[in-house]
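Enquirer: Before I ask anything, here is the structure I am working with.
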Amino acid sequence: MIAIDVLPSDTAAWADVILPNSTYLERDEPTLYGNGVNHDLALTTRYAAIDPLFDTEEIPDILLEMTRILSGEPDRLLEWVEAMTGMPAAPVRAAWERLRAEGAPSPFTHACREVSFRLSAERAGTTSAELDRVLRERGIFTEQPREQVLEHAAMPRRLPLPTGSGRVEYYSSLFDSLRGMGAEGPHFSVLATHIPARCRDNADMAAPLGADEFYFTYGKTPTVSYASTNSNNPVLAAVNRFKGGTYTGIWIHPDRAARLDIVTGDPIRLTNTRSGQTATGHAYITRLVHRDALFIYSSFGAENPALTRSHGLGTATNKLVPYRVEPVVGGFRSQEFTLRVQKLDNSGGAA
C-alpha cells in the first residue's frame, strides 16, 4: 500500500510506503482552471506561498515516476493527460525534458503549468506573462463577463439544453433508457420524485424517537479544510482547543440532554441504530441544534499519535457513517440513520 500525503494521517499509518506531498502552501497547481464560484467566465490557479520546507514532491511528478517504474513507458501518462484534459502531450513532454535538464523542482508539474498558461493565454488573446500578472494581482482572470457569455451561450435561447429535445424536459429520457436496461426503484423515476429518507429500520418513520435516539447531522469547522488536512497546524490547533466543545464536542439540545442527565463535557458513546457502529466523544449542550438531532464537526477524531496536536481531539464521524451508496450519483447516504446516546463514566463504561 502506497500513500501520498502531507501529514501522518490515520490512512498513512496503514501504508507500506509513504510518498510525501507538498502542502497547499508550498505548491503551484499544474494547470489553470475555471473559477467555479464566479458567474463570469474566469480562470484561476494556485500559487505557492513558500518554497517546500522538506524533500517533498508534487503528485503529477509522483504519478509520472510511478508510471515509468511500473510500465517503463512514461509517455502513457502524458497520453492520458491529453485524453482527459485536452492538454497536448508533445509540448508538455518538450517542456518537461527542458525543465528536468535544468534541474527544476517538480519538472512535470511545472511543464504542465507552463503549457496550460500558454494555451489559456492564446485562447484569451493575451500573453502568458500578462495572464500571470493579472492572476497574481487579482486572483482571477476574467475571459468574458457573464452578460457576454449569455449573449451566445444562454440555454435554451441561444444553445440547446443537453436533452433529447434540446429544451427543458420534465420527463427524463436518460432515466427512461436506464429503466429499460433494468434500473429499478424510485431513484430512477422518469419524473422528479420525492424519495423520503429512511433513517430507521423496521420502524415507522412517523413514530417518535426513543428517549436516547437522535438524527445525525455534521458540518465543517472554519479552521479545517475538508477532513483533517490542516487540523495539526499549530496555530489552527490552538484555535480549535480554545473553542473547546463548540468545535470538538457533540452538540445536544439541553431539553434532550437533561432527560439523559448529560451536561457539557460528559463523555458519551454514540451507536448507529442501523449498523451498530459506535464512536465516543464529549457532550456540548447548546440550543443551536434541533432537539431531535445531534451535530458533530467532521474535522476531528484522528487516531494516529504522530498527529501530536490533533490526536484524540473530537469525534470521528467516519466511524458512524455506514457503507450505504446512493444508486444514481454514487454518493454516501451519510445522514440516513439515527444514533443512540449513552452517558459514560470517566473509565469509558456506562454511567
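Following the order of the C-alpha cells, chains are lettered A, B, ..., residues in each are numbered from 1, and ligands are numbered from 1.
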Compile a residue-level contact table for stretch 111-197 of chain A against stretch 30-45 of chain A at a cut-off of 6 Å, reporting for every qualifying residue the shortest atom pair and its distance in Å to one decimal, with only C-alpha atoms counted, rows ordered by chain and ascending number, as JSON lines.

Expert:
{"residue": "A:Cys112", "atom": "CA", "partner": "A:Pro30", "partner_atom": "CA", "distance": 5.4}
{"residue": "A:Arg113", "atom": "CA", "partner": "A:Pro30", "partner_atom": "CA", "distance": 4.5}
{"residue": "A:Ser116", "atom": "CA", "partner": "A:Thr31", "partner_atom": "CA", "distance": 5.4}
{"residue": "A:Ile140", "atom": "CA", "partner": "A:Thr44", "partner_atom": "CA", "distance": 4.8}
{"residue": "A:Phe141", "atom": "CA", "partner": "A:Leu43", "partner_atom": "CA", "distance": 5.1}
{"residue": "A:Thr142", "atom": "CA", "partner": "A:Ala42", "partner_atom": "CA", "distance": 4.2}
{"residue": "A:Glu143", "atom": "CA", "partner": "A:Ala42", "partner_atom": "CA", "distance": 5.3}
{"residue": "A:Gln144", "atom": "CA", "partner": "A:Leu41", "partner_atom": "CA", "distance": 5.1}
{"residue": "A:Pro145", "atom": "CA", "partner": "A:Asp40", "partner_atom": "CA", "distance": 4.6}
{"residue": "A:Arg146", "atom": "CA", "partner": "A:Asp40", "partner_atom": "CA", "distance": 4.3}

Enquirer: Just the selected residues (C-alpha atoms), exported as a PDB file, in the first residue's frame, please.

Expert:
ATOM      1  CA  CYS A 112       2.003  21.101 -17.395  1.00  0.00           C
ATOM      2  CA  ARG A 113       1.601  24.529 -15.811  1.00  0.00           C
ATOM      3  CA  SER A 116      -1.581  25.396 -19.549  1.00  0.00           C
ATOM      4  CA  ILE A 140      -8.772  35.531 -11.255  1.00  0.00           C
ATOM      5  CA  PHE A 141      -8.525  36.356 -14.949  1.00  0.00           C
ATOM      6  CA  THR A 142     -11.894  37.224 -16.495  1.00  0.00           C
ATOM      7  CA  GLU A 143     -12.216  35.909 -20.055  1.00  0.00           C
ATOM      8  CA  GLN A 144     -15.815  37.071 -20.535  1.00  0.00           C
ATOM      9  CA  PRO A 145     -18.283  38.737 -18.155  1.00  0.00           C
ATOM     10  CA  ARG A 146     -21.469  36.765 -17.639  1.00  0.00           C
TER      11      ARG A 146
END

Enquirer: Report as a VMD selection string: the residues of stretch 12-253 of chain A with a DSSP assignment of helix (DSSP H, G or I), based on the backbone of this structure.

Expert: chain A and resid 12 to 14 59 to 71 75 to 85 89 to 101 107 to 124 128 to 138 146 to 153 173 to 180 186 to 188 234 to 243 245 to 248

Enquirer: So that I can see what lies close to stretch 232-238 of chain A, please list as a PyMOL selection string the residues with an atom at most 9 Å from it, counting only C-alpha atoms and leaving out residues fewer than 4 positions away in the same chain.

Expert: chain A and resi 7+223-224+228+242-243+307-311

Enquirer: In Å, how far is it from atom CA of A:Asp16 to atom CA of A:Ala3?

Expert: 8.0 Å

Enquirer: So that I can see what lies close to A:Asn21, please list as a list of chain:residue names the residues with an atom at most 6 Å from it, counting only C-alpha atoms and leaving out residues fewer than 2 positions away in the same chain.

Expert: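 The filter keeps A:Asp5, A:Val6, A:Thr56, A:Glu57, A:Glu58.
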
Enquirer: Include C-alpha atoms and write out the residues we just selected as an mmCIF file, in the first residue's frame.

Expert:
data_model
loop_
_atom_site.group_PDB
_atom_site.id
_atom_site.type_symbol
_atom_site.label_atom_id
_atom_site.label_comp_id
_atom_site.auth_asym_id
_atom_site.auth_seq_id
_atom_site.Cartn_x
_atom_site.Cartn_y
_atom_site.Cartn_z
ATOM 1 C CA ASP A 5 0.062 12.563 1.956
ATOM 2 C CA VAL A 6 1.182 15.798 3.585
ATOM 3 C CA THR A 56 8.602 16.602 -0.926
ATOM 4 C CA GLU A 57 7.242 16.079 -4.421
ATOM 5 C CA GLU A 58 4.181 17.065 -6.442
#

Enquirer: Would you kindly return, as a PyMOL selection string, each protein, DNA or RNA residue with an atom no farther than 10 Å from any atom of A:Ser172, considering only C-alpha atoms and excluding same-chain residues fewer than 3 positions away?

Expert: chain A and resi 163-164+168-169+175-178+188-192

Enquirer: For those residues, write N, CA and C atoms to a file as an mmCIF file, in the first residue's frame.

Expert:
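The result, stored in again-v6.cif:
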data_model
loop_
_atom_site.group_PDB
_atom_site.id
_atom_site.type_symbol
_atom_site.label_atom_id
_atom_site.label_comp_id
_atom_site.auth_asym_id
_atom_site.auth_seq_id
_atom_site.Cartn_x
_atom_site.Cartn_y
_atom_site.Cartn_z
ATOM 1 N N THR A 163 -30.454 17.800 -23.663
ATOM 2 C CA THR A 163 -31.545 16.837 -23.575
ATOM 3 C C THR A 163 -31.919 16.384 -24.968
ATOM 4 N N GLY A 164 -32.733 15.362 -25.059
ATOM 5 C CA GLY A 164 -33.120 14.849 -26.366
ATOM 6 C C GLY A 164 -33.828 15.878 -27.209
ATOM 7 N N VAL A 168 -36.064 22.335 -21.961
ATOM 8 C CA VAL A 168 -36.288 21.849 -20.601
ATOM 9 C C VAL A 168 -37.249 20.667 -20.660
ATOM 10 N N GLU A 169 -36.852 19.550 -20.056
ATOM 11 C CA GLU A 169 -37.691 18.353 -20.059
ATOM 12 C C GLU A 169 -38.058 17.975 -18.625
ATOM 13 N N PHE A 175 -33.211 8.612 -17.890
ATOM 14 C CA PHE A 175 -33.651 7.655 -16.873
ATOM 15 C C PHE A 175 -34.590 6.609 -17.468
ATOM 16 N N ASP A 176 -35.341 7.016 -18.504
ATOM 17 C CA ASP A 176 -36.197 6.043 -19.184
ATOM 18 C C ASP A 176 -35.348 4.947 -19.818
ATOM 19 N N SER A 177 -34.221 5.337 -20.424
ATOM 20 C CA SER A 177 -33.353 4.328 -21.034
ATOM 21 C C SER A 177 -32.696 3.466 -19.976
ATOM 22 N N LEU A 178 -32.344 4.069 -18.829
ATOM 23 C CA LEU A 178 -31.751 3.280 -17.748
ATOM 24 C C LEU A 178 -32.751 2.270 -17.195
ATOM 25 N N PHE A 188 -34.710 6.090 -10.005
ATOM 26 C CA PHE A 188 -34.628 6.166 -11.463
ATOM 27 C C PHE A 188 -35.979 6.537 -12.079
ATOM 28 N N SER A 189 -36.798 7.250 -11.330
ATOM 29 C CA SER A 189 -38.073 7.697 -11.860
ATOM 30 C C SER A 189 -37.844 8.652 -13.023
ATOM 31 N N VAL A 190 -38.683 8.546 -14.052
ATOM 32 C CA VAL A 190 -38.535 9.412 -15.223
ATOM 33 C C VAL A 190 -39.048 10.819 -14.940
ATOM 34 N N LEU A 191 -39.771 11.009 -13.853
ATOM 35 C CA LEU A 191 -40.204 12.321 -13.408
ATOM 36 C C LEU A 191 -39.572 12.606 -12.054
ATOM 37 N N ALA A 192 -39.339 13.884 -11.765
ATOM 38 C CA ALA A 192 -38.774 14.249 -10.471
ATOM 39 C C ALA A 192 -39.675 13.714 -9.359
#

Enquirer: Which residues are close to stretch 199-216 of chain A, i.e. within 8 Å by only C-alpha atoms, leaving aside same-chain residues fewer than 3 positions away? Reply as a VMD selection string.

Expert: chain A and resid 256 259 to 260 273 to 274 292 to 295 335 to 342

Enquirer: Excluding stretch 91-105 of chain A and any residue of its chain fewer than 6 positions from it, enumerate the residues within 8 Å of it, using only C-alpha atoms, and give them as a list in words.

Expert: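 Within the cut-off, the hits are Leu78, Ala111, Cys112, Glu114 and Val115 of chain A.
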
Enquirer: Restrict the selected residues to N, CA and C atoms and save them as a compact mmCIF listing (two decimals), in the first residue's frame.

Expert:
# COMPACT_ATOMS: atom_id res chain seq x y z
N LEU A 78 1.35 10.89 -20.21
CA LEU A 78 1.14 12.10 -20.99
C LEU A 78 -0.02 11.94 -21.95
N ALA A 111 5.93 21.74 -16.10
CA ALA A 111 5.77 21.64 -17.55
C ALA A 111 4.29 21.73 -17.91
N CYS A 112 3.45 21.02 -17.17
CA CYS A 112 2.00 21.10 -17.39
C CYS A 112 1.52 22.53 -17.18
N GLU A 114 3.23 25.34 -17.43
CA GLU A 114 3.73 26.21 -18.48
C GLU A 114 2.86 26.11 -19.73
N VAL A 115 2.53 24.88 -20.13
CA VAL A 115 1.71 24.68 -21.32
C VAL A 115 0.28 25.17 -21.07

Enquirer: Determine which residues of stretch 110-338 of chain A receive a DSSP assignment of strand (DSSP E or B), computed from the backbone, and state them as a PyMOL selection string.

Expert: chain A and resi 141-144+213-219+250-252+267-272+278-285+293-297+325+332+338

Enquirer: Which one is closest to A:Ile62: A:Met1, A:Ile18, A:Ile262, A:Ala154? Count only C-alpha atoms.

Expert: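 Between A:Met1, A:Ile18, A:Ile262, A:Ala154, the residue approaching A:Ile62 most closely is A:Ile18.
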
Enquirer: Quick one: pull the distance between atom CA of A:Thr286 and atom CA of A:Gly314, Å, one decimal.

Expert: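 Atom-to-atom, atom CA of A:Thr286 to atom CA of A:Gly314, that is 16.5 Å.
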
Enquirer: Work out how far atom CA of A:Ala48 is from atom CA of A:Ala15, in Å to one decimal.

Expert: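 Spanning atom CA of A:Ala15 to atom CA of A:Ala48 is a straight-line distance of 27.6 Å.
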